[in-house]
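Student: For reference, the file structure_14.txt (compact mmCIF, C-alpha atoms) is included below:
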# COMPACT_ATOMS: atom_id res chain seq x y z
CA MET A 190 -28.07 176.12 -104.34
CA LYS A 191 -27.94 174.18 -101.11
CA LYS A 192 -26.32 171.30 -102.98
CA ILE A 193 -23.63 173.62 -104.36
CA ILE A 194 -22.86 175.06 -100.88
CA PHE A 195 -22.75 171.55 -99.42
CA LEU A 196 -20.39 170.45 -102.23
CA ILE A 197 -18.12 173.44 -101.56
CA ILE A 198 -18.01 172.58 -97.84
CA VAL A 199 -17.16 168.96 -98.65
CA LEU A 200 -14.39 170.05 -101.01
CA ILE A 201 -12.99 172.37 -98.33
CA LEU A 202 -13.03 169.54 -95.77
CA ILE A 203 -11.36 167.14 -98.22
CA ALA A 204 -8.68 169.73 -98.99
CA ALA A 205 -8.11 170.30 -95.28
CA CYS A 206 -7.83 166.55 -94.68
CA GLU A 207 -5.41 166.17 -97.58
CA ASN A 208 -3.33 169.08 -96.27
CA LYS A 209 -3.31 167.56 -92.76
CA THR A 210 -2.32 164.17 -94.17
CA SER A 211 0.45 165.82 -96.18
CA LEU A 212 1.72 167.63 -93.09
CA GLN A 213 1.64 164.39 -91.09
CA GLN A 214 3.53 162.59 -93.84
CA ASN A 215 6.13 165.38 -93.99
CA SER A 216 6.39 165.29 -90.19
CA LYS A 217 6.92 161.53 -90.31
CA VAL A 218 9.62 161.96 -92.95
CA GLU A 219 11.35 164.64 -90.87
CA THR A 220 11.06 162.49 -87.72
CA THR A 221 12.46 159.50 -89.59
CA GLN A 222 15.33 161.62 -90.88
CA GLN A 223 16.02 162.95 -87.37
CA THR A 224 15.91 159.41 -85.96
CA GLN A 225 18.31 158.23 -88.65
CA GLU A 226 20.62 161.18 -87.97
CA THR A 227 20.50 160.52 -84.19
CA GLN A 228 21.18 156.84 -84.79
CA SER A 229 24.06 157.76 -87.09
CA VAL A 230 25.55 160.03 -84.42
CA LYS A 231 25.05 157.32 -81.81
CA GLU A 232 26.72 154.74 -84.01
CA THR A 233 29.59 157.14 -84.73
CA THR A 234 29.98 157.85 -81.01
CA GLN A 235 29.90 154.14 -80.21
CA SER A 236 32.38 153.46 -82.99
CA SER A 237 34.64 156.20 -81.63
CA GLY A 238 34.23 154.80 -78.13
CA GLU A 239 35.19 151.34 -79.34
CA LYS A 240 38.33 152.77 -80.92
CA THR A 241 39.16 154.52 -77.63
CA GLN A 242 38.55 151.36 -75.67
CA ALA A 243 40.77 149.39 -78.03
CA LYS A 244 43.76 150.75 -76.11
CA GLY A 245 43.53 148.99 -72.78
CA LEU A 246 45.43 149.90 -69.63
CA LYS A 247 47.84 147.04 -70.23
CA ASP A 248 48.53 148.45 -73.71
CA ILE A 249 49.34 151.85 -72.18
CA PHE A 250 51.74 150.27 -69.69
CA ALA A 251 53.38 148.27 -72.50
CA GLY A 252 54.15 151.40 -74.50
CA PRO A 253 57.32 153.48 -74.39
CA LYS A 254 58.08 154.83 -70.92
CA VAL A 255 57.62 158.58 -70.95
CA LYS A 256 59.63 160.82 -68.63
CA TYR A 257 57.47 163.18 -66.64
CA THR A 258 57.15 165.34 -63.55
CA ALA A 259 53.68 165.75 -62.07
CA ASP A 260 52.23 167.51 -59.04
CA TYR A 261 49.29 165.90 -57.26
CA ALA A 262 46.76 166.82 -54.60
CA ILE A 263 46.35 163.75 -52.39
CA THR A 264 43.31 163.66 -50.11
CA ALA A 265 42.76 161.09 -47.36
CA GLU A 266 40.80 161.22 -44.12
CA GLY A 267 39.70 164.76 -44.88
CA LYS A 268 43.25 166.08 -45.24
CA THR A 269 44.99 167.13 -48.46
CA VAL A 270 48.74 167.17 -49.04
CA ASN A 271 50.71 168.15 -52.14
CA SER A 272 53.09 165.65 -53.68
CA ARG A 273 55.40 165.62 -56.69
CA TYR A 274 56.15 162.46 -58.68
CA ILE A 275 59.18 162.32 -60.97
CA MET A 276 59.17 159.29 -63.24
CA ASP A 277 61.87 157.96 -65.55
CA LEU A 278 61.29 154.27 -64.98
CA PRO A 279 62.84 152.29 -63.51
CA LYS A 280 64.03 155.46 -61.73
CA PHE A 281 61.50 157.45 -59.73
CA ALA A 282 61.28 160.06 -56.98
CA MET A 283 58.41 161.25 -54.79
CA GLU A 284 58.44 164.46 -52.78
CA THR A 285 55.67 165.34 -50.33
CA ASN A 286 55.07 168.44 -48.25
CA ILE A 287 54.13 167.47 -44.69
CA ASP A 288 53.54 169.44 -41.51
CA GLU A 289 57.04 168.68 -40.24
CA GLY A 290 58.79 169.65 -43.48
CA ILE A 291 59.46 167.72 -46.70
CA SER A 292 59.63 163.96 -47.22
CA LYS A 293 61.35 162.53 -50.27
CA SER A 294 61.93 159.00 -51.57
CA ILE A 295 64.26 158.21 -54.46
CA PHE A 296 65.13 155.13 -56.48
CA ASP A 297 68.12 155.80 -58.73
CA GLY A 298 67.89 152.49 -60.56
CA THR A 299 69.93 150.52 -58.05
CA THR A 300 69.36 151.95 -54.54
CA TYR A 301 66.31 153.23 -52.68
CA TYR A 302 66.63 156.27 -50.40
CA VAL A 303 64.27 157.98 -47.98
CA CYS A 304 65.07 161.61 -47.11
CA SER A 305 63.47 164.25 -44.94
CA MET A 306 64.07 167.91 -44.33
CA THR A 307 63.16 169.80 -41.17
CA ASP A 308 64.00 173.50 -41.11
CA THR A 309 66.87 173.65 -43.66
CA GLU A 310 68.71 170.37 -43.13
CA TRP A 311 68.28 167.19 -45.14
CA GLN A 312 68.80 163.67 -43.80
CA CYS A 313 68.86 160.64 -46.11
CA PHE A 314 68.89 156.90 -45.44
CA LYS A 315 69.37 153.86 -47.65
CA MET A 316 66.31 151.68 -47.20
CA PRO A 317 64.82 148.39 -48.41
CA MET A 318 63.13 148.85 -51.78
CA GLN A 319 59.51 150.05 -51.75
CA ASN A 320 57.67 150.72 -55.00
CA PRO A 321 55.21 153.62 -55.29
CA ASP A 322 51.55 152.71 -55.80
CA THR A 323 51.78 153.60 -59.49
CA VAL A 324 54.48 150.98 -60.06
CA GLU A 325 52.58 148.37 -58.03
CA THR A 326 49.45 149.05 -60.07
CA GLU A 327 51.35 148.50 -63.31
CA LYS A 328 52.81 145.25 -62.01
CA SER A 329 49.42 143.88 -60.91
CA VAL A 330 47.83 144.73 -64.28
CA ASN A 331 50.70 143.25 -66.28
CA ASP A 332 50.87 139.99 -64.33
CA GLY A 333 47.10 139.51 -64.45
CA THR A 334 46.42 139.69 -60.70
CA ALA A 335 44.21 142.74 -61.36
CA THR A 336 41.39 143.03 -63.89
CA THR A 337 40.63 146.29 -65.68
CA GLU A 338 37.70 147.80 -67.55
CA TYR A 339 37.53 150.99 -69.61
CA ILE A 340 34.89 153.32 -68.14
CA GLY A 341 35.41 156.66 -69.88
CA THR A 342 37.73 159.64 -69.97
CA CYS A 343 39.06 162.27 -67.60
CA SER A 344 40.69 165.68 -67.85
CA GLN A 345 43.20 166.94 -65.28
CA ALA A 346 46.02 169.51 -65.32
CA GLY A 347 45.36 170.38 -68.97
CA GLU A 348 45.74 166.74 -70.04
CA SER A 349 43.14 164.25 -71.27
CA GLY A 350 43.23 160.60 -70.32
CA LEU A 351 41.50 157.24 -70.42
CA LYS A 352 39.80 156.06 -67.24
CA TYR A 353 39.68 152.45 -66.04
CA SER A 354 38.31 150.54 -63.08
CA ILE A 355 40.79 148.13 -61.49
CA THR A 356 39.69 145.19 -59.36
CA SER A 357 42.29 143.43 -57.25
CA LYS A 358 41.89 141.28 -54.13
CA GLY A 359 38.19 142.08 -53.98
CA GLU A 360 38.68 145.85 -54.01
CA THR A 361 37.87 148.20 -56.89
CA SER A 362 39.49 151.55 -57.62
CA THR A 363 39.70 153.84 -60.64
CA VAL A 364 42.71 155.27 -62.44
CA CYS A 365 43.13 157.60 -65.38
CA TYR A 366 46.23 157.74 -67.60
CA THR A 367 47.18 159.70 -70.68
CA SER A 368 47.70 157.55 -73.77
CA ASP A 369 51.48 157.78 -73.24
CA GLY A 370 51.32 156.64 -69.62
CA ILE A 371 51.11 159.69 -67.33
CA LEU A 372 48.93 159.19 -64.27
CA LEU A 373 46.24 161.88 -64.04
CA GLU A 374 44.15 160.54 -61.18
CA THR A 375 43.53 157.56 -58.95
CA ILE A 376 40.58 157.12 -56.62
CA THR A 377 40.11 154.39 -54.01
CA SER A 378 37.70 153.94 -51.12
CA GLU A 379 40.25 155.62 -48.84
CA MET A 380 41.96 158.32 -50.90
CA SER A 381 42.06 160.36 -54.08
CA MET A 382 45.10 161.55 -56.00
CA VAL A 383 44.56 164.15 -58.71
CA ALA A 384 47.16 165.78 -60.97
CA THR A 385 47.38 169.57 -60.76
CA LYS A 386 50.41 170.10 -63.01
CA VAL A 387 52.14 167.90 -65.60
CA SER A 388 55.43 168.33 -67.45
CA ARG A 389 57.10 165.85 -69.78
CA THR A 390 60.53 166.78 -68.45
CA VAL A 391 62.75 165.52 -65.60
CA ALA A 392 65.40 167.57 -63.81
CA ALA A 393 68.97 166.30 -64.20
CA ASP A 394 69.43 165.96 -60.42
CA ALA A 395 66.01 164.43 -59.74
CA PHE A 396 67.41 161.07 -58.59
CA ILE A 397 70.38 162.33 -56.57
CA PRO A 398 69.86 162.31 -52.77
CA PRO A 399 70.02 165.85 -51.32
CA ALA A 400 72.35 164.67 -48.52
CA GLU A 401 74.91 161.90 -47.96
CA PRO A 402 72.84 158.75 -47.30
CA VAL A 403 73.27 156.66 -44.16
CA ASP A 404 73.09 152.90 -44.78
CA ILE A 405 70.46 151.16 -42.63
CA PRO A 406 69.83 147.95 -44.61
CA ASN A 407 67.96 146.07 -41.89
CA LEU A 408 65.65 148.85 -40.72
CA PRO A 409 62.02 147.64 -41.05
CA TYR A 410 59.46 149.75 -42.85
Would you mind writing the file's structure down as structure tokens?
Tutor:
Amino acid sequence: MKKIIFLIIVLILIAACENKTSLQQNSKVETTQQTQETQSVKETTQSSGEKTQAKGLKDIFAGPKVKYTADYAITAEGKTVNSRYIMDLPKFAMETNIDEGISKSIFDGTTYYVCSMTDTEWQCFKMPMQNPDTVETEKSVNDGTATTEYIGTCSQAGESGLKYSITSKGETSTVCYTSDGILLETITSEMSMVATKVSRTVAADAFIPPAEPVDIPNLPY
């Protein structure tokens, strides 16, 4: 009788061990499957990232020039001002709200103007050419004086873009552009510029000075 009881106990223990082993094997299979699935997702994400990175900043600048109007919040030294950029390269205009009124610069394709309005009166002057930072950035990337690296994505003003670090003259900044070339943000050690509104349209009078310009060709800036 004792032998029979002992045999039953042994059989129960063996069954328990077999069940535990089976559970461990199933757990290993599930873990392996999860690992494979995770790896698959990772590989897919990496593959997707590689496809995103395939379009470098130079490639974006080399594409068709899109017309756009964008509002930006520009912060420097703890102060934020609102600025509007109107781009139809080579034409461009920049309008900034300042404490004294409104400052506006315009390049109509041949002549560069700087205008200001205090109260309700505009004054405009013809000035030596001065490119906005966005144009200078494009030039430095295209001529190879700046190096770029894809670092991720950004989302501003309802638009998604590709973010890059730019190193030039020992200084590094970051920029983010939509795939068709609209600036969404730029961040340096001294300032940040972030888009708050974007429109792929340009007003018909965007590059016309708001007042008769005075010619001051030799005025330094």
Student: Which residues are close to Val364 (chain A), i.e. within 7 Å by only C-alpha atoms, leaving aside same-chain residues fewer than 5 positions away? Reply as a VMD selection string.
Tutor: chain A and resid 352 to 354 374 to 376
Student: Please determine, counting only C-alpha atoms, which residue among A:Cys343, A:Glu327, A:Met380, A:Gln319 has the shortest atom-to-atom distance to Ile355 (chain A).
Tutor: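 The answer is A:Glu327, which sits nearest to Ile355 (chain A).
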Student: Take CA of Leu373 (chain A) and CA of Gln345 (chain A) and report the distance between them in Å, one decimal.
Tutor: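 Interatomic distance, CA of Leu373 (chain A) to CA of Gln345 (chain A): 6.0 Å.
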Student: Taking all atoms listed in the file into account, produce a table as a tab-separated table in which each residue of region 325-406 of chain A with an atom at most 9 Å from an atom of region 293-313 of chain A appears once, together with its shortest atom pair and the distance in Å to one decimal, ordered by chain and rising number.
Tutor:
residue	atom	partner	partner_atom	distance
A:Ala395	CA	A:Ile295	CA	8.3
A:Phe396	CA	A:Asp297	CA	5.3
A:Ile397	CA	A:Asp297	CA	7.2
A:Pro398	CA	A:Cys313	CA	6.9
A:Pro399	CA	A:Trp311	CA	6.6
A:Ala400	CA	A:Cys313	CA	5.9
A:Glu401	CA	A:Cys313	CA	6.5
A:Pro402	CA	A:Cys313	CA	4.6
A:Val403	CA	A:Cys313	CA	6.3
A:Asp404	CA	A:Cys313	CA	8.9
Student: Quick one: everything within 10 Å of Lys358 (chain A), counting only C-alpha atoms, minus sequence neighbours fewer than 3 positions away in the same chain. Send it as an NGL selection string.
Tutor: :A and (334-336 or 361)
Student: Please report the interatomic distance between CA of Asn286 (chain A) and CA of Thr264 (chain A) in Å with one decimal.
Tutor: 12.8 Å
Student: Would you kindly return, as a PyMOL selection string, each protein, DNA or RNA residue with an atom no farther than 9 Å from any atom of Gly252 (chain A), considering all atoms listed in the file and excluding same-chain residues fewer than 4 positions away?
Tutor: chain A and resi 247-248+368-370
Student: Have a look at A:Ile291, A:Ala346, A:Ala392, A:Val383 and name the one nearest to Lys256 (chain A); count all atoms listed in the file.
Tutor: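 Closest candidate: A:Ala392.
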Student: Pick out the residues sitting within 10 Å of Met276 (chain A), and hand them over as a list of chain:residue names; count all atoms listed in the file, and ignore anything fewer than 2 positions along from it in its own chain.
Tutor: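 After dropping sequence-adjacent residues, the list is A:Lys254, A:Val255, A:Lys256, A:Tyr257, A:Thr258, A:Ala259, A:Arg273, A:Tyr274, A:Leu278, A:Pro279, A:Lys280, A:Phe281, A:Ala282, A:Met283, A:Phe296, A:Ile371, A:Arg389, A:Thr390, A:Val391, A:Ala395, A:Phe396.
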Student: How many Å lie between CA of Thr326 (chain A) and CA of Thr363 (chain A), rounded to one decimal?
Tutor: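 If I compute the distance from CA of Thr326 (chain A) to CA of Thr363 (chain A), I get 10.9 Å.
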